[in-house]
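Undergrad: One structure is given below, represented as structure tokens, and several questions about it will come after.
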Amino acid sequence: MRQVTTTSPDLWHHYGRTRAATGHDVPDTFCWTWSQDGGPGSEVLGDLTGLCVGDLGAGSARHAAHLATRRQPAQVVAIDSSAAQHARAIGLYGHLAPRLHLVHADVVDHLRIAPDTYDVLYSVFGAIDFNDPRELLPAAAAALRPGGRLVFSTLSHYLSGESAETDVVHADIPAKTPAGAPATMRRWVLQEHVWTEVLDRAGLSDITIDLLPAPSSGHRTADTLLVTALRMKARTLCHPLARPTAARRV
């Protein structure tokens, strides 16, 4: 059967349905690792009291809900391009408004119209994995306030065990349309030095990258890269709101 390569947000239609149907409680923990059962917690983000925080590719907004209820920010803005994921987030955590603000939008587009808005931006295997970092990271840098922090977790290697890319190259990974037809979407799995280079070019500094080993062996486990960078140059209240590359299939 012919596959369709697309970045349509509808490709997230089937993702997380079972979990959303069974768990409405705000999570007690915040995990950065792929396995979601170890590693550091939300303390990596620093003191969030009174700050404006953005979740890039929030999915059903579980991480954002945790921060909104446990860390006393002024507001957490949870952004996701998937209509299905956004609807799940509203069903699960819409009652946490206005401290948790759920936004259905393309993350890059949202950041580009929100300069100097955020104190902290983060992504847990979210939008940074599924958007060209040469477009998303400059938009994130511009959306941060002076000294603002970007933190994200991403795969250290492919789930197959293959090494991450040595250049800014995406892979085509399997997905399904809402109707269940086979499709692919793009994911960026990059080596540490590549992330460092692209972050630096985006105008971010004080870059640190920590390797979080998979806490257990098993099917499709993976090590995690935890990346932190700062926006230092001068960049005010929190308001809600392409280039071709080679590809390979995994």
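Ligands are numbered from 1 in the order shown, residues from 1 within each chain, and chains are lettered A, B, ... in the order they appear in the structure tokens.
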I'd like to know which residues of range 4-229 of chain A are strand (DSSP E) (by DSSP, run on the backbone); could you write them as a ChimeraX atom specification?
TA: /A:4-5,52-56,75-80,100-104,118-124,144-155,170-176,182-188,205-212,224-229
Undergrad: Asp80 in chain A: which residues within 10 Å, counting only C-alpha atoms, same-chain residues fewer than 6 positions away excluded, as number ranges by chain?
TA: A: 9, 55-61, 86, 89, 102-107, 110, 126-127
Undergrad: So how many Å separate CA of Glu162 in chain A and CA of Ala214 in chain A, to one decimal?
TA: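 Between CA of Glu162 in chain A and CA of Ala214 in chain A the gap works out to 15.0 Å.
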Undergrad: Write out as a PyMOL selection string each polymer residue whose atoms come within 7 Å of Leu51 in chain A, counting only C-alpha atoms; drop sequence neighbours fewer than 2 positions from it.
TA: chain A and resi 48-49+53+73-75+119
Undergrad: Would you kindly return, as an mmCIF file with N, CA and C atoms, in the first residue's frame, each protein, DNA or RNA residue with an atom no farther than 12 Å from any atom of Glu165 in chain A, considering only C-alpha atoms and excluding same-chain residues fewer than 2 positions away?
TA:
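Writing done, so here's result-v3.cif:
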```
data_model
loop_
_atom_site.group_PDB
_atom_site.id
_atom_site.type_symbol
_atom_site.label_atom_id
_atom_site.label_comp_id
_atom_site.auth_asym_id
_atom_site.auth_seq_id
_atom_site.Cartn_x
_atom_site.Cartn_y
_atom_site.Cartn_z
ATOM 1 N N LEU A 155 15.425 11.863 21.945
ATOM 2 C CA LEU A 155 16.087 10.565 21.840
ATOM 3 C C LEU A 155 17.586 10.726 21.619
ATOM 4 N N SER A 156 18.376 9.925 22.334
ATOM 5 C CA SER A 156 19.815 9.894 22.121
ATOM 6 C C SER A 156 20.180 9.071 20.895
ATOM 7 N N HIS A 157 19.297 8.159 20.512
ATOM 8 C CA HIS A 157 19.501 7.298 19.358
ATOM 9 C C HIS A 157 18.136 6.812 18.901
ATOM 10 N N TYR A 158 18.088 6.186 17.755
ATOM 11 C CA TYR A 158 16.814 5.671 17.266
ATOM 12 C C TYR A 158 16.343 4.504 18.122
ATOM 13 N N GLU A 162 19.887 2.224 16.180
ATOM 14 C CA GLU A 162 20.782 2.932 15.270
ATOM 15 C C GLU A 162 21.213 4.264 15.858
ATOM 16 N N SER A 163 22.416 4.690 15.474
ATOM 17 C CA SER A 163 22.964 5.941 15.980
ATOM 18 C C SER A 163 22.164 7.140 15.479
ATOM 19 N N ASP A 167 24.123 15.065 11.123
ATOM 20 C CA ASP A 167 23.747 16.332 10.491
ATOM 21 C C ASP A 167 22.271 16.563 10.787
ATOM 22 N N VAL A 168 21.773 17.735 10.423
ATOM 23 C CA VAL A 168 20.368 18.058 10.695
ATOM 24 C C VAL A 168 19.505 17.390 9.627
ATOM 25 N N VAL A 169 19.254 16.110 9.833
ATOM 26 C CA VAL A 169 18.518 15.274 8.890
ATOM 27 C C VAL A 169 17.375 14.596 9.639
ATOM 28 N N HIS A 170 16.218 14.551 9.016
ATOM 29 C CA HIS A 170 15.076 13.896 9.651
ATOM 30 C C HIS A 170 14.948 12.460 9.163
ATOM 31 N N ALA A 171 14.242 11.676 9.951
ATOM 32 C CA ALA A 171 13.850 10.323 9.549
ATOM 33 C C ALA A 171 12.349 10.295 9.350
ATOM 34 N N ARG A 187 10.797 12.962 12.075
ATOM 35 C CA ARG A 187 11.356 13.088 13.423
ATOM 36 C C ARG A 187 12.855 13.358 13.297
ATOM 37 N N TRP A 188 13.347 14.283 14.147
ATOM 38 C CA TRP A 188 14.752 14.625 14.160
ATOM 39 C C TRP A 188 15.413 13.955 15.371
ATOM 40 N N VAL A 189 16.344 13.051 15.110
ATOM 41 C CA VAL A 189 17.118 12.356 16.136
ATOM 42 C C VAL A 189 18.586 12.680 15.856
ATOM 43 N N LEU A 190 19.162 13.578 16.631
ATOM 44 C CA LEU A 190 20.466 14.155 16.316
ATOM 45 C C LEU A 190 21.489 13.865 17.406
ATOM 46 N N GLN A 191 22.741 13.792 17.008
ATOM 47 C CA GLN A 191 23.808 13.621 17.980
ATOM 48 C C GLN A 191 24.030 14.909 18.762
ATOM 49 N N GLU A 192 24.695 14.785 19.903
ATOM 50 C CA GLU A 192 24.859 15.921 20.813
ATOM 51 C C GLU A 192 25.513 17.118 20.141
ATOM 52 N N HIS A 193 26.569 16.892 19.381
ATOM 53 C CA HIS A 193 27.277 18.025 18.787
ATOM 54 C C HIS A 193 26.415 18.730 17.741
ATOM 55 N N VAL A 194 25.499 17.996 17.112
ATOM 56 C CA VAL A 194 24.605 18.621 16.140
ATOM 57 C C VAL A 194 23.596 19.519 16.854
ATOM 58 N N TRP A 195 23.022 19.031 17.970
ATOM 59 C CA TRP A 195 22.130 19.880 18.762
ATOM 60 C C TRP A 195 22.861 21.137 19.236
ATOM 61 N N ALA A 246 17.490 15.600 3.328
ATOM 62 C CA ALA A 246 17.414 14.173 3.035
ATOM 63 C C ALA A 246 16.670 13.472 4.154
ATOM 64 N N ALA A 247 16.073 12.349 3.846
ATOM 65 C CA ALA A 247 15.314 11.620 4.843
ATOM 66 C C ALA A 247 15.630 10.140 4.748
ATOM 67 N N ARG A 248 15.452 9.451 5.842
ATOM 68 C CA ARG A 248 15.526 8.013 5.796
ATOM 69 C C ARG A 248 14.396 7.446 6.629
#
```
Undergrad: Using DSSP assignments from the backbone, pull out every residue in range 52-168 of chain A that falls under alpha helix (DSSP H) and give it to me as a ChimeraX atom specification.
TA: /A:62-70,83-93,107-112,127-130,133-143
Undergrad: Quick one: residues within 6 Å of Gly147 in chain A, only C-alpha atoms counted, chain neighbours fewer than 6 positions away excluded, as a list in words?
TA: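 After dropping sequence-adjacent residues, the list is Leu230, Arg231 and Met232 of chain A.
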Undergrad: Taking only C-alpha atoms into account, name the residue in A:Val108, A:Val76, A:Leu211, A:Cys31 that is nearest to Glu135 in chain A.
TA: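 Ranked by minimum distance to Glu135 in chain A, first place goes to A:Val108.
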Undergrad: Can you list, as a VMD selection string, every protein, DNA or RNA residue that comes within 10 Å of range 98-101 of chain A when you count only C-alpha atoms, leaving out same-chain residues fewer than 3 positions away?
TA: chain A and resid 52 to 54 61 64 to 69 72 to 79 90 93 to 95 239 to 241
Undergrad: With only C-alpha atoms as the atoms that count, which of A:Val26, A:Leu159, A:Ala229, A:Val124 lies nearest to Ser205 in chain A?
TA: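 Under the stated criterion, the closest residue is A:Ala229.
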Undergrad: How many Å separate CA of Leu111 in chain A from CA of Leu136 in chain A?
TA: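 Straight-line distance from CA of Leu111 in chain A to CA of Leu136 in chain A works out to 8.3 Å.
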Undergrad: When you look at Arg201 in chain A with a cut-off of 9 Å (counting only C-alpha atoms), what residues show up, excluding the ones that are within fewer than 2 positions of it in the same chain? I need them as a PDB file with N, CA and C atoms, in the first residue's frame.
TA:
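To be explicit, this is the file written out as out24.pdb:
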```
ATOM      1  N   ARG A 134      15.982  24.014  12.699  1.00  0.00           N
ATOM      2  CA  ARG A 134      16.468  25.275  12.122  1.00  0.00           C
ATOM      3  C   ARG A 134      15.357  26.303  12.003  1.00  0.00           C
ATOM      4  N   LEU A 137      13.894  26.352  16.662  1.00  0.00           N
ATOM      5  CA  LEU A 137      14.770  26.898  17.702  1.00  0.00           C
ATOM      6  C   LEU A 137      14.961  28.414  17.604  1.00  0.00           C
ATOM      7  N   PRO A 138      15.153  29.006  16.419  1.00  0.00           N
ATOM      8  CA  PRO A 138      15.188  30.468  16.366  1.00  0.00           C
ATOM      9  C   PRO A 138      13.883  31.114  16.828  1.00  0.00           C
ATOM     10  N   THR A 196      24.094  20.992  19.670  1.00  0.00           N
ATOM     11  CA  THR A 196      24.861  22.155  20.141  1.00  0.00           C
ATOM     12  C   THR A 196      25.017  23.188  19.037  1.00  0.00           C
ATOM     13  N   GLU A 197      25.356  22.719  17.847  1.00  0.00           N
ATOM     14  CA  GLU A 197      25.558  23.636  16.729  1.00  0.00           C
ATOM     15  C   GLU A 197      24.270  24.362  16.342  1.00  0.00           C
ATOM     16  N   VAL A 198      23.176  23.628  16.252  1.00  0.00           N
ATOM     17  CA  VAL A 198      21.929  24.254  15.807  1.00  0.00           C
ATOM     18  C   VAL A 198      21.372  25.192  16.878  1.00  0.00           C
ATOM     19  N   LEU A 199      21.555  24.873  18.153  1.00  0.00           N
ATOM     20  CA  LEU A 199      21.153  25.775  19.239  1.00  0.00           C
ATOM     21  C   LEU A 199      21.968  27.057  19.213  1.00  0.00           C
ATOM     22  N   GLY A 203      20.873  31.327  18.353  1.00  0.00           N
ATOM     23  CA  GLY A 203      21.046  32.435  19.281  1.00  0.00           C
ATOM     24  C   GLY A 203      20.912  32.042  20.730  1.00  0.00           C
ATOM     25  N   LEU A 204      21.050  30.762  21.028  1.00  0.00           N
ATOM     26  CA  LEU A 204      20.969  30.283  22.401  1.00  0.00           C
ATOM     27  C   LEU A 204      22.373  29.954  22.905  1.00  0.00           C
TER      28      LEU A 204
END
```
